[in-house]
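Participant: Structure file protein16.pdb (PDB, C-alpha atoms) is given on the next line.
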MODEL        1
ATOM      1  CA  MET A  83      97.146 -38.496 103.727
ATOM      2  CA  ALA A  84      95.685 -35.038 103.977
ATOM      3  CA  GLY A  85      98.129 -32.319 103.008
ATOM      4  CA  ILE A  86     100.320 -34.544 100.828
ATOM      5  CA  PRO A  87      99.763 -33.939  97.106
ATOM      6  CA  SER A  88      99.721 -36.681  94.491
ATOM      7  CA  GLU A  89     102.145 -34.805  92.214
ATOM      8  CA  MET A  90     105.281 -32.761  92.810
ATOM      9  CA  LYS A  91     107.958 -30.670  91.176
ATOM     10  CA  ALA A  92     111.275 -32.407  90.501
ATOM     11  CA  TRP A  93     114.367 -32.077  88.307
ATOM     12  CA  VAL A  94     114.402 -35.022  85.893
ATOM     13  CA  TYR A  95     116.666 -36.188  83.097
ATOM     14  CA  SER A  96     115.384 -38.656  80.501
ATOM     15  CA  GLU A  97     118.672 -39.246  78.681
ATOM     16  CA  TYR A  98     122.339 -39.089  79.599
ATOM     17  CA  GLY A  99     124.255 -35.870  78.972
ATOM     18  CA  ASN A 100     125.378 -32.589  80.460
ATOM     19  CA  SER A 101     122.976 -31.063  82.989
ATOM     20  CA  VAL A 102     122.559 -27.942  80.838
ATOM     21  CA  ASP A 103     121.197 -30.111  78.027
ATOM     22  CA  VAL A 104     119.251 -32.887  79.739
ATOM     23  CA  LEU A 105     118.020 -31.701  83.161
ATOM     24  CA  LYS A 106     114.393 -30.518  82.995
ATOM     25  CA  LEU A 107     111.867 -29.372  85.584
ATOM     26  CA  ASP A 108     108.827 -31.661  85.783
ATOM     27  CA  SER A 109     105.938 -29.936  87.590
ATOM     28  CA  ALA A 110     103.656 -32.981  87.712
ATOM     29  CA  LEU A 111     105.768 -35.975  88.707
ATOM     30  CA  PRO A 112     103.881 -38.599  90.740
ATOM     31  CA  LEU A 113     105.096 -38.926  94.317
ATOM     32  CA  PRO A 114     107.187 -42.025  95.075
ATOM     33  CA  GLN A 115     105.476 -44.967  96.738
ATOM     34  CA  VAL A 116     106.485 -45.419 100.392
ATOM     35  CA  GLN A 117     107.645 -48.953 101.240
ATOM     36  CA  ASP A 118     107.233 -50.530 104.686
ATOM     37  CA  ASP A 119     110.812 -49.662 105.738
ATOM     38  CA  GLN A 120     110.717 -46.122 104.353
ATOM     39  CA  VAL A 121     109.568 -42.657 105.329
ATOM     40  CA  LEU A 122     108.307 -39.973 102.972
ATOM     41  CA  VAL A 123     110.382 -36.815 103.430
ATOM     42  CA  ARG A 124     109.243 -33.358 102.397
ATOM     43  CA  VAL A 125     112.516 -31.992 101.092
ATOM     44  CA  VAL A 126     113.593 -28.621 102.512
ATOM     45  CA  ALA A 127     117.179 -28.578 101.203
ATOM     46  CA  ALA A 128     119.359 -30.818  99.043
ATOM     47  CA  ALA A 129     123.082 -30.789  98.285
ATOM     48  CA  LEU A 130     124.841 -31.661  95.046
ATOM     49  CA  ASN A 131     127.725 -34.115  94.722
ATOM     50  CA  PRO A 132     130.094 -34.983  91.860
ATOM     51  CA  VAL A 133     128.462 -38.419  91.632
ATOM     52  CA  ASP A 134     125.239 -36.645  90.583
ATOM     53  CA  PHE A 135     126.666 -35.156  87.412
ATOM     54  CA  LYS A 136     128.881 -38.182  86.728
ATOM     55  CA  ARG A 137     125.768 -40.350  86.694
ATOM     56  CA  MET A 138     123.996 -37.816  84.492
ATOM     57  CA  LEU A 139     126.930 -37.944  82.060
ATOM     58  CA  GLY A 140     126.538 -41.719  81.858
ATOM     59  CA  TYR A 141     129.734 -42.774  83.650
ATOM     60  CA  PHE A 142     127.965 -45.641  85.433
ATOM     61  CA  LYS A 143     125.476 -46.741  82.743
ATOM     62  CA  ALA A 144     126.073 -50.452  83.279
ATOM     63  CA  ILE A 145     125.011 -50.360  86.952
ATOM     64  CA  ASP A 146     122.934 -47.182  87.055
ATOM     65  CA  SER A 147     119.166 -46.815  87.446
ATOM     66  CA  SER A 148     118.131 -46.007  83.899
ATOM     67  CA  PRO A 149     116.564 -42.628  83.016
ATOM     68  CA  PRO A 150     114.167 -40.987  83.522
ATOM     69  CA  THR A 151     115.507 -40.258  86.974
ATOM     70  CA  VAL A 152     115.669 -37.497  89.591
ATOM     71  CA  ARG A 153     119.150 -36.636  90.864
ATOM     72  CA  GLY A 154     120.204 -35.902  94.430
ATOM     73  CA  TYR A 155     121.737 -37.881  97.305
ATOM     74  CA  ASP A 156     121.902 -35.476 100.247
ATOM     75  CA  VAL A 157     118.610 -34.442 101.844
ATOM     76  CA  ALA A 158     117.360 -32.487 104.837
ATOM     77  CA  GLY A 159     113.638 -32.295 105.433
ATOM     78  CA  VAL A 160     110.581 -33.291 107.432
ATOM     79  CA  VAL A 161     109.001 -36.741 107.733
ATOM     80  CA  VAL A 162     105.391 -36.572 106.499
ATOM     81  CA  LYS A 163     104.540 -40.280 106.232
ATOM     82  CA  VAL A 164     105.922 -43.397 107.921
ATOM     83  CA  GLY A 165     106.049 -46.987 106.614
ATOM     84  CA  SER A 166     104.529 -49.767 108.718
ATOM     85  CA  GLN A 167     107.902 -51.215 109.826
ATOM     86  CA  VAL A 168     109.622 -47.917 110.656
ATOM     87  CA  LYS A 169     110.640 -47.604 114.308
ATOM     88  CA  LYS A 170     113.107 -44.697 114.467
ATOM     89  CA  PHE A 171     111.014 -41.843 113.094
ATOM     90  CA  LYS A 172     107.567 -40.328 113.310
ATOM     91  CA  GLU A 173     105.675 -37.702 111.342
ATOM     92  CA  GLY A 174     107.066 -34.231 111.970
ATOM     93  CA  ASP A 175     110.646 -35.367 112.662
ATOM     94  CA  GLU A 176     113.353 -33.242 111.057
ATOM     95  CA  VAL A 177     115.813 -35.626 109.410
ATOM     96  CA  TYR A 178     118.834 -35.678 107.132
ATOM     97  CA  GLY A 179     120.938 -38.233 105.312
ATOM     98  CA  ASP A 180     122.394 -39.625 102.103
ATOM     99  CA  ILE A 181     119.335 -41.351 100.651
ATOM    100  CA  ASN A 182     121.213 -43.933  98.519
ATOM    101  CA  GLU A 183     122.711 -46.768 100.509
ATOM    102  CA  ASN A 184     124.844 -47.688  97.482
ATOM    103  CA  ALA A 185     126.185 -44.719  95.549
ATOM    104  CA  VAL A 186     126.299 -46.069  92.012
ATOM    105  CA  HIS A 187     124.698 -49.519  91.999
ATOM    106  CA  LYS A 188     121.015 -49.058  91.095
ATOM    107  CA  PRO A 189     120.418 -45.931  93.212
ATOM    108  CA  LYS A 190     116.942 -44.460  93.620
ATOM    109  CA  LYS A 191     115.117 -43.191  90.554
ATOM    110  CA  ILE A 192     113.648 -40.368  92.657
ATOM    111  CA  GLY A 193     116.407 -38.538  94.498
ATOM    112  CA  SER A 194     116.404 -35.435  96.667
ATOM    113  CA  LEU A 195     116.041 -32.780  93.946
ATOM    114  CA  ALA A 196     112.288 -33.030  94.317
ATOM    115  CA  GLU A 197     109.607 -31.816  96.701
ATOM    116  CA  TYR A 198     109.319 -35.295  98.242
ATOM    117  CA  THR A 199     111.475 -38.407  98.359
ATOM    118  CA  ALA A 200     110.988 -41.863  99.916
ATOM    119  CA  VAL A 201     113.913 -42.997 102.063
ATOM    120  CA  GLU A 202     114.828 -46.093 104.095
ATOM    121  CA  GLU A 203     115.027 -45.282 107.789
ATOM    122  CA  ASN A 204     118.495 -46.836 108.196
ATOM    123  CA  VAL A 205     120.199 -44.118 106.091
ATOM    124  CA  LEU A 206     118.597 -41.206 107.953
ATOM    125  CA  ALA A 207     119.256 -39.507 111.292
ATOM    126  CA  LEU A 208     117.533 -36.790 113.282
ATOM    127  CA  LYS A 209     118.822 -33.357 112.304
ATOM    128  CA  PRO A 210     120.929 -31.741 115.058
ATOM    129  CA  ASN A 211     118.943 -28.832 116.507
ATOM    130  CA  ASN A 212     121.806 -26.362 116.066
ATOM    131  CA  LEU A 213     121.976 -26.931 112.300
ATOM    132  CA  SER A 214     119.760 -25.277 109.704
ATOM    133  CA  PHE A 215     118.265 -27.440 106.969
ATOM    134  CA  VAL A 216     120.797 -25.972 104.519
ATOM    135  CA  GLU A 217     123.696 -26.858 106.833
ATOM    136  CA  ALA A 218     122.335 -30.353 107.480
ATOM    137  CA  ALA A 219     121.807 -31.065 103.781
ATOM    138  CA  SER A 220     125.447 -30.217 103.077
ATOM    139  CA  LEU A 221     126.823 -32.924 105.349
ATOM    140  CA  PRO A 222     125.726 -36.546 104.876
ATOM    141  CA  LEU A 223     127.566 -37.921 101.840
ATOM    142  CA  ALA A 224     130.681 -35.824 102.475
ATOM    143  CA  VAL A 225     131.057 -36.394 106.216
ATOM    144  CA  GLU A 226     130.193 -40.122 105.961
ATOM    145  CA  THR A 227     132.731 -40.551 103.144
ATOM    146  CA  ALA A 228     135.355 -38.651 105.126
ATOM    147  CA  TYR A 229     134.725 -40.718 108.257
ATOM    148  CA  GLY A 230     134.568 -44.069 106.477
ATOM    149  CA  GLY A 231     137.757 -43.443 104.545
ATOM    150  CA  LEU A 232     139.626 -42.493 107.712
ATOM    151  CA  GLU A 233     138.382 -45.633 109.451
ATOM    152  CA  GLN A 234     139.341 -47.859 106.514
ATOM    153  CA  SER A 235     142.849 -46.400 106.461
ATOM    154  CA  GLY A 236     143.323 -47.275 110.137
ATOM    155  CA  PHE A 237     143.738 -43.629 111.099
ATOM    156  CA  SER A 238     143.960 -43.124 114.853
ATOM    157  CA  LEU A 239     145.166 -40.911 117.697
ATOM    158  CA  GLY A 240     148.618 -39.418 117.174
ATOM    159  CA  LYS A 241     148.947 -40.163 113.459
ATOM    160  CA  SER A 242     149.685 -37.591 110.758
ATOM    161  CA  ILE A 243     147.636 -37.012 107.616
ATOM    162  CA  LEU A 244     147.826 -35.149 104.314
ATOM    163  CA  VAL A 245     144.480 -34.236 102.731
ATOM    164  CA  LEU A 246     144.474 -33.650  98.968
ATOM    165  CA  GLY A 247     141.614 -31.367  98.008
ATOM    166  CA  GLY A 248     141.207 -29.901 101.478
ATOM    167  CA  ALA A 249     138.702 -27.205 100.464
ATOM    168  CA  GLY A 250     136.237 -29.554  98.760
ATOM    169  CA  GLY A 251     133.117 -31.156 100.190
ATOM    170  CA  VAL A 252     134.872 -34.269 101.512
ATOM    171  CA  GLY A 253     138.240 -32.639 102.204
ATOM    172  CA  THR A 254     136.820 -29.998 104.547
ATOM    173  CA  GLN A 255     135.282 -32.778 106.630
ATOM    174  CA  VAL A 256     138.412 -34.973 106.592
ATOM    175  CA  ILE A 257     140.461 -32.111 108.065
ATOM    176  CA  GLN A 258     137.981 -31.548 110.889
ATOM    177  CA  LEU A 259     137.445 -35.237 111.647
ATOM    178  CA  ALA A 260     141.157 -36.013 111.645
ATOM    179  CA  LYS A 261     141.926 -33.115 113.987
ATOM    180  CA  HIS A 262     138.931 -32.951 116.311
ATOM    181  CA  VAL A 263     137.532 -36.515 116.346
ATOM    182  CA  PHE A 264     140.442 -38.880 115.602
ATOM    183  CA  GLY A 265     143.119 -36.782 117.367
ATOM    184  CA  ALA A 266     145.698 -36.338 114.602
ATOM    185  CA  SER A 267     149.198 -35.266 115.596
ATOM    186  CA  LYS A 268     149.470 -33.216 112.398
ATOM    187  CA  VAL A 269     147.054 -32.324 109.598
ATOM    188  CA  ALA A 270     148.362 -31.016 106.290
ATOM    189  CA  ALA A 271     146.060 -30.148 103.395
ATOM    190  CA  THR A 272     146.221 -28.778  99.870
ATOM    191  CA  SER A 273     144.155 -26.075  98.179
ATOM    192  CA  SER A 274     144.497 -23.120  95.834
ATOM    193  CA  THR A 275     145.921 -19.845  97.150
ATOM    194  CA  GLY A 276     142.655 -18.199  98.157
ATOM    195  CA  LYS A 277     141.489 -21.104 100.319
ATOM    196  CA  LEU A 278     144.522 -21.600 102.559
ATOM    197  CA  ASP A 279     143.021 -19.622 105.442
ATOM    198  CA  LEU A 280     139.936 -21.840 105.309
ATOM    199  CA  LEU A 281     142.112 -24.941 105.695
ATOM    200  CA  ARG A 282     143.781 -23.441 108.759
ATOM    201  CA  SER A 283     140.450 -22.429 110.281
ATOM    202  CA  LEU A 284     139.234 -26.031 109.983
ATOM    203  CA  GLY A 285     142.265 -27.405 111.813
ATOM    204  CA  ALA A 286     145.056 -27.820 109.255
ATOM    205  CA  ASP A 287     148.487 -27.319 110.810
ATOM    206  CA  LEU A 288     150.075 -27.023 107.361
ATOM    207  CA  ALA A 289     148.204 -25.452 104.439
ATOM    208  CA  ILE A 290     149.863 -26.218 101.095
ATOM    209  CA  ASP A 291     149.219 -24.088  98.008
ATOM    210  CA  TYR A 292     149.133 -26.674  95.211
ATOM    211  CA  THR A 293     149.627 -23.924  92.597
ATOM    212  CA  LYS A 294     153.068 -23.169  94.073
ATOM    213  CA  GLU A 295     154.256 -26.367  95.813
ATOM    214  CA  ASN A 296     154.407 -30.054  94.960
ATOM    215  CA  PHE A 297     153.201 -31.861  98.072
ATOM    216  CA  GLU A 298     155.065 -35.052  97.105
ATOM    217  CA  ASP A 299     158.371 -33.151  97.305
ATOM    218  CA  LEU A 300     157.934 -32.323 101.001
ATOM    219  CA  PRO A 301     160.680 -33.926 103.105
ATOM    220  CA  GLU A 302     158.038 -34.898 105.634
ATOM    221  CA  LYS A 303     155.953 -38.016 104.903
ATOM    222  CA  PHE A 304     152.574 -38.903 106.422
ATOM    223  CA  ASP A 305     150.919 -41.903 108.045
ATOM    224  CA  VAL A 306     147.851 -41.439 105.848
ATOM    225  CA  VAL A 307     147.207 -39.499 102.651
ATOM    226  CA  TYR A 308     143.497 -38.925 101.982
ATOM    227  CA  ASP A 309     143.178 -38.319  98.238
ATOM    228  CA  ALA A 310     139.878 -36.606  97.456
ATOM    229  CA  VAL A 311     140.945 -35.430  93.993
ATOM    230  CA  GLY A 312     142.338 -38.473  92.156
ATOM    231  CA  GLU A 313     146.128 -38.034  92.287
ATOM    232  CA  VAL A 314     147.126 -41.529  93.391
ATOM    233  CA  GLU A 315     150.519 -41.701  91.704
ATOM    234  CA  ARG A 316     151.634 -38.501  93.450
ATOM    235  CA  ALA A 317     149.894 -39.384  96.724
ATOM    236  CA  VAL A 318     151.867 -42.608  97.237
ATOM    237  CA  LYS A 319     155.082 -40.546  97.162
ATOM    238  CA  ALA A 320     153.918 -38.578 100.207
ATOM    239  CA  VAL A 321     153.089 -41.522 102.471
ATOM    240  CA  LYS A 322     155.406 -43.150 105.015
ATOM    241  CA  ASP A 323     156.581 -46.732 104.594
ATOM    242  CA  GLY A 324     153.751 -48.858 105.941
ATOM    243  CA  GLY A 325     151.278 -45.986 105.654
ATOM    244  CA  LYS A 326     148.094 -45.841 103.608
ATOM    245  CA  VAL A 327     146.659 -43.755 100.802
ATOM    246  CA  VAL A 328     142.863 -43.752 100.797
ATOM    247  CA  GLY A 329     141.200 -42.500  97.631
ATOM    248  CA  ILE A 330     137.607 -41.765  96.659
ATOM    249  CA  VAL A 331     138.229 -41.182  92.935
ATOM    250  CA  ARG A 332     138.666 -44.511  91.144
ATOM    251  CA  PRO A 333     142.195 -44.628  89.688
ATOM    252  CA  VAL A 334     143.070 -45.488  86.121
ATOM    253  CA  GLU A 335     143.806 -49.214  85.721
ATOM    254  CA  GLY A 336     147.285 -49.938  87.051
ATOM    255  CA  ALA A 337     147.806 -46.465  88.529
ATOM    256  CA  ALA A 338     147.424 -47.498  92.183
ATOM    257  CA  PRO A 339     150.484 -49.234  93.574
ATOM    258  CA  ALA A 340     149.515 -51.897  96.112
ATOM    259  CA  PRO A 341     149.535 -52.301  99.065
ATOM    260  CA  ALA A 342     149.590 -48.625 100.052
ATOM    261  CA  PHE A 343     146.379 -47.661  98.201
ATOM    262  CA  LEU A 344     142.807 -48.241  99.399
ATOM    263  CA  PHE A 345     139.829 -47.254  97.250
ATOM    264  CA  TYR A 346     136.864 -46.265  99.415
ATOM    265  CA  VAL A 347     133.221 -46.337  98.342
ATOM    266  CA  LEU A 348     130.632 -45.190 100.853
ATOM    267  CA  THR A 349     127.776 -47.354 102.039
ATOM    268  CA  SER A 350     125.369 -44.736 103.414
ATOM    269  CA  ASP A 351     124.483 -45.321 107.069
ATOM    270  CA  GLY A 352     122.538 -43.046 109.402
ATOM    271  CA  ALA A 353     124.409 -44.576 112.341
ATOM    272  CA  ILE A 354     127.526 -42.619 111.310
ATOM    273  CA  LEU A 355     125.560 -39.365 111.497
ATOM    274  CA  GLU A 356     124.234 -40.379 114.919
ATOM    275  CA  LYS A 357     127.780 -41.161 116.100
ATOM    276  CA  LEU A 358     128.979 -37.732 114.939
ATOM    277  CA  LYS A 359     126.013 -35.820 116.382
ATOM    278  CA  PRO A 360     127.833 -34.738 119.600
ATOM    279  CA  TYR A 361     130.669 -33.248 117.523
ATOM    280  CA  LEU A 362     128.197 -31.398 115.295
ATOM    281  CA  GLU A 363     126.258 -30.084 118.277
ATOM    282  CA  SER A 364     129.432 -28.937 120.051
ATOM    283  CA  GLY A 365     130.745 -27.188 116.948
ATOM    284  CA  LYS A 366     133.866 -29.369 116.674
ATOM    285  CA  LEU A 367     132.514 -30.442 113.281
ATOM    286  CA  LYS A 368     131.089 -27.681 111.102
ATOM    287  CA  PRO A 369     129.310 -27.680 107.764
ATOM    288  CA  VAL A 370     131.256 -25.885 105.030
ATOM    289  CA  ILE A 371     128.976 -24.374 102.400
ATOM    290  CA  ASP A 372     130.105 -22.602  99.260
ATOM    291  CA  PRO A 373     129.527 -18.820  99.423
ATOM    292  CA  LYS A 374     127.378 -18.957  96.268
ATOM    293  CA  SER A 375     124.961 -21.318  98.039
ATOM    294  CA  PRO A 376     122.172 -21.853  98.506
ATOM    295  CA  PHE A 377     120.935 -21.905  94.931
ATOM    296  CA  PRO A 378     117.125 -21.674  94.641
ATOM    297  CA  PHE A 379     115.356 -24.744  93.264
ATOM    298  CA  SER A 380     114.710 -22.892  89.995
ATOM    299  CA  LYS A 381     118.495 -22.469  89.527
ATOM    300  CA  THR A 382     119.420 -26.148  89.963
ATOM    301  CA  VAL A 383     120.952 -26.361  86.475
ATOM    302  CA  GLU A 384     123.160 -23.355  87.297
ATOM    303  CA  ALA A 385     124.140 -25.052  90.558
ATOM    304  CA  PHE A 386     125.311 -28.121  88.623
ATOM    305  CA  SER A 387     127.230 -25.969  86.143
ATOM    306  CA  TYR A 388     129.013 -24.287  89.032
ATOM    307  CA  LEU A 389     129.819 -27.601  90.745
ATOM    308  CA  GLN A 390     131.325 -28.894  87.508
ATOM    309  CA  THR A 391     133.866 -26.033  87.430
ATOM    310  CA  ASN A 392     135.605 -27.772  90.379
ATOM    311  CA  ARG A 393     135.940 -24.377  92.041
ATOM    312  CA  ALA A 394     133.351 -24.817  94.776
ATOM    313  CA  THR A 395     134.436 -24.466  98.404
ATOM    314  CA  GLY A 396     132.760 -27.085 100.578
ATOM    315  CA  LYS A 397     129.272 -27.993  99.404
ATOM    316  CA  VAL A 398     126.792 -26.597  96.881
ATOM    317  CA  VAL A 399     123.253 -26.616  98.317
ATOM    318  CA  VAL A 400     119.811 -26.135  96.738
ATOM    319  CA  HIS A 401     117.245 -24.355  98.918
ATOM    320  CA  PRO A 402     114.375 -23.600  99.230
ATOM    321  CA  ILE A 403     112.538 -26.465  97.558
ATOM    322  CA  PRO A 404     110.527 -25.857  95.449
TER
ENDMDL
END
Would you put the structure from the file into structure tokens?
Facilitator:
Amino acid sequence: MAGIPSEMKAWVYSEYGNSVDVLKLDSALPLPQVQDDQVLVRVVAAALNPVDFKRMLGYFKAIDSSPPTVRGYDVAGVVVKVGSQVKKFKEGDEVYGDINENAVHKPKKIGSLAEYTAVEENVLALKPNNLSFVEAASLPLAVETAYGGLEQSGFSLGKSILVLGGAGGVGTQVIQLAKHVFGASKVAATSSTGKLDLLRSLGADLAIDYTKENFEDLPEKFDVVYDAVGEVERAVKAVKDGGKVVGIVRPVEGAAPAPAFLFYVLTSDGAILEKLKPYLESGKLKPVIDPKSPFPFSKTVEAFSYLQTNRATGKVVVHPIP
């Protein structure tokens, strides 16, 4: 099509390792082929997730798409080409989503850290008009993971919840969803000292400074503990009898006492974003973007280095692209 180049800029790694060592800018990567059920998206903004650098480090070699590969799950951009079987979108639509239906099992070789990416229509949704591309890019993987984990735990109106890692990408969305969508009776959340006010602003009734308090020693127990940081053995001590701990960091073998623990892995689905659209448009659900963001495309390696410090608040976003 006119206006679509045959080559693009993208961040590629050809061997496993730390992003500082292996991630390189390719200025002449061929564009991905668009399948019948896909759209070609011109990427405006992309967000980084821990799964990006974990894959780069080789944590999932056995089931990963082998290098060379382009990282990036979260995308916000504009549809520039439509496959023959696509019904939901047309050229010019502003869309967003988590482009990998399965997070670690043979994900796409060309992710969102590129000028263009080819994406199945079922994982995308129309971008809410009130959100910028940067805000939209920050949401999909985190808010879908937050929502899916809450659903799997059986969380519902009137229940209480403790969120471990409340200031992170997923945690910030769990707090808001639990309070403003599911109707929690009480939301508690943990963070470091400087982020407690953020937790309260998102809807936490109790903000716990994990540098000063042990959440498992609280006399109060919770219907659900959402563990976004990988502290299963402590988390199960904070849950009521008959309650659930839902975790998104795979525990060490034998560390998760059954039946309280549920391990949640997201299957990306644009229908979740569509379901949450009214809450995003009304402002009940808000994107939370790290103050250092957005990082320009040229500083993608620095963005990964920052994400790997585990100090980011909310999401780290790359924009503009290129």
Participant: On this file, the PyMOL selection byres ((chain A and resi 373) around 12) gives some set of residues; write that set as a ChimeraX atom specification.
Facilitator: /A:370-372,374-377,388,393-399
Participant: List the spatial neighbours of Val133 of chain A as number ranges by chain - criterion: any atom at most 12 Å away, all atoms listed in the file, same-chain residues fewer than 5 positions off excluded.
Facilitator: A: 138-142, 146, 153-156, 182, 184-187, 189, 223-224, 330-332, 347-348, 386, 389-390
Participant: Just how far from atom CA of Glu363 of chain A is atom CA of Asn211 of chain A, in Å to one decimal?
Facilitator: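 Distance between the two atoms: 7.6 Å.
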Participant: Could you give me, as a list in words, the residues within 10 Å of Phe345 of chain A, counting only C-alpha atoms and dropping anything in the same chain fewer than 5 positions from it?
Facilitator: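 In the requested format, the answer is Gly231, Gln234, Ser235, Asp309, Val327, Val328, Gly329, Ile330, Val331, Arg332, Pro333 and Ala338 of chain A.
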Participant: As a PyMOL selection string, please: the residues near Leu206 of chain A (cut-off 7 Å, all atoms listed in the file, same-chain neighbours under 4 positions excluded).
Facilitator: chain A and resi 177-179+352
Participant: Leaving out Glu89 of chain A and any residue of its chain fewer than 5 positions from it, which residues lie within 8 Å of it when counting all atoms listed in the file, given as a list in words?
Facilitator: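 Non-adjacent residues within range: Ser109, Ala110, Leu111, Pro112 and Leu113 of chain A.
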Participant: So how many Å separate atom CA of Leu239 of chain A and atom CA of Gly285 of chain A, to one decimal?
Facilitator: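 One can read the atom CA of Leu239 of chain A to atom CA of Gly285 of chain A distance as 15.0 Å.
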Participant: Could you expand the PyMOL selection byres ((chain A and resi 227) around 10) into the explicit residues it covers here, written as a PyMOL selection string?
Facilitator: chain A and resi 221-226+228-233+251-253+255-256+310+330+346-350+354
Participant: Deliver the residues from the most recent selection as a file, using C-alpha atoms, as a short mmCIF file (atom, residue, chain, number, x, y, z; two decimals), in the coordinates of the input.
Facilitator:
data_model
loop_
_atom_site.label_atom_id
_atom_site.label_comp_id
_atom_site.auth_asym_id
_atom_site.auth_seq_id
_atom_site.Cartn_x
_atom_site.Cartn_y
_atom_site.Cartn_z
CA LEU A 221 126.82 -32.92 105.35
CA PRO A 222 125.73 -36.55 104.88
CA LEU A 223 127.57 -37.92 101.84
CA ALA A 224 130.68 -35.82 102.48
CA VAL A 225 131.06 -36.39 106.22
CA GLU A 226 130.19 -40.12 105.96
CA ALA A 228 135.35 -38.65 105.13
CA TYR A 229 134.72 -40.72 108.26
CA GLY A 230 134.57 -44.07 106.48
CA GLY A 231 137.76 -43.44 104.54
CA LEU A 232 139.63 -42.49 107.71
CA GLU A 233 138.38 -45.63 109.45
CA GLY A 251 133.12 -31.16 100.19
CA VAL A 252 134.87 -34.27 101.51
CA GLY A 253 138.24 -32.64 102.20
CA GLN A 255 135.28 -32.78 106.63
CA VAL A 256 138.41 -34.97 106.59
CA ALA A 310 139.88 -36.61 97.46
CA ILE A 330 137.61 -41.76 96.66
CA TYR A 346 136.86 -46.26 99.42
CA VAL A 347 133.22 -46.34 98.34
CA LEU A 348 130.63 -45.19 100.85
CA THR A 349 127.78 -47.35 102.04
CA SER A 350 125.37 -44.74 103.41
CA ILE A 354 127.53 -42.62 111.31
#
Participant: Enclose the full set of atoms of segment 257-268 of chain A listed in the file within a box whose edges lie along x, y and z, apply 5 Å of padding to each of the six sides, and report centre and edge lengths in Å to one decimal as lines of an AutoDock Vina configuration file.
Facilitator:
center_x = 143.5
center_y = -35.2
center_z = 112.7
size_x = 22.0
size_y = 17.3
size_z = 19.3
Participant: Please determine, counting all atoms listed in the file, which residue among A:Ala286, A:Val311, A:Val152, A:Ala320 has the shortest atom-to-atom distance to Pro132 of chain A.
Facilitator: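 Closest to Pro132 of chain A, using all atoms listed in the file: A:Val311.
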Participant: So the first atom is atom CA of Val161 of chain A and the second is atom CA of Lys357 of chain A; what is the distance between them in Å, to one decimal place?
Facilitator: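 Atom CA of Lys357 of chain A lies at a distance of 21.0 Å from atom CA of Val161 of chain A.
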Participant: Check the smallest atom-to-atom distance from each of A:Gly247, A:Pro149, A:Gly276, A:Gly236 to Gly312 of chain A using only C-alpha atoms, then report the winner.
Facilitator: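 Of the candidates, the smallest distance to Gly312 of chain A is held by A:Gly247.
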Participant: May I have the residues within 9 Å of Ala158 of chain A as a list in words, using all atoms listed in the file and disregarding those fewer than 2 positions away in the same chain?
Facilitator: Val123, Arg124, Val125, Val126, Ala127, Ala128, Ala129, Asp156, Val160, Glu176, Val177, Tyr178, Gly179, Ser194, Lys209, Phe215, Val216, Glu217, Ala218, Ala219 and Ser220 of chain A
Participant: Taking only C-alpha atoms into account, which of A:Ser147, A:Lys366, A:Asp351, A:Asp323 comes nearest Glu183 of chain A?
Facilitator: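 So, comparing all the options, the nearest one is A:Asp351.
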Participant: Pick the closest to Ala353 of chain A from A:Asp103, A:Asp180, A:Glu302, A:Glu97: which is it, counting all atoms listed in the file?
Facilitator: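 When distances to Ala353 of chain A are compared using all atoms listed in the file, the smallest one comes from A:Asp180.
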Participant: Hey, what comes out of the PyMOL selection byres ((chain A and resi 263) around 10) on this file? Could you write it as a VMD selection string?
Facilitator: chain A and resid 229 238 to 239 256 to 262 264 to 266 358 361 366 to 367
Participant: A:Asn204, A:Phe135, A:Val306, A:Gln115: which is nearest Val102 of chain A, counting all atoms listed in the file?
Facilitator: A:Phe135
Participant: Looking at A:Gly193, A:Pro301, A:Gly250, A:Pro150, which one is nearest to Lys319 of chain A, with distances taken over all atoms listed in the file?
Facilitator: A:Pro301
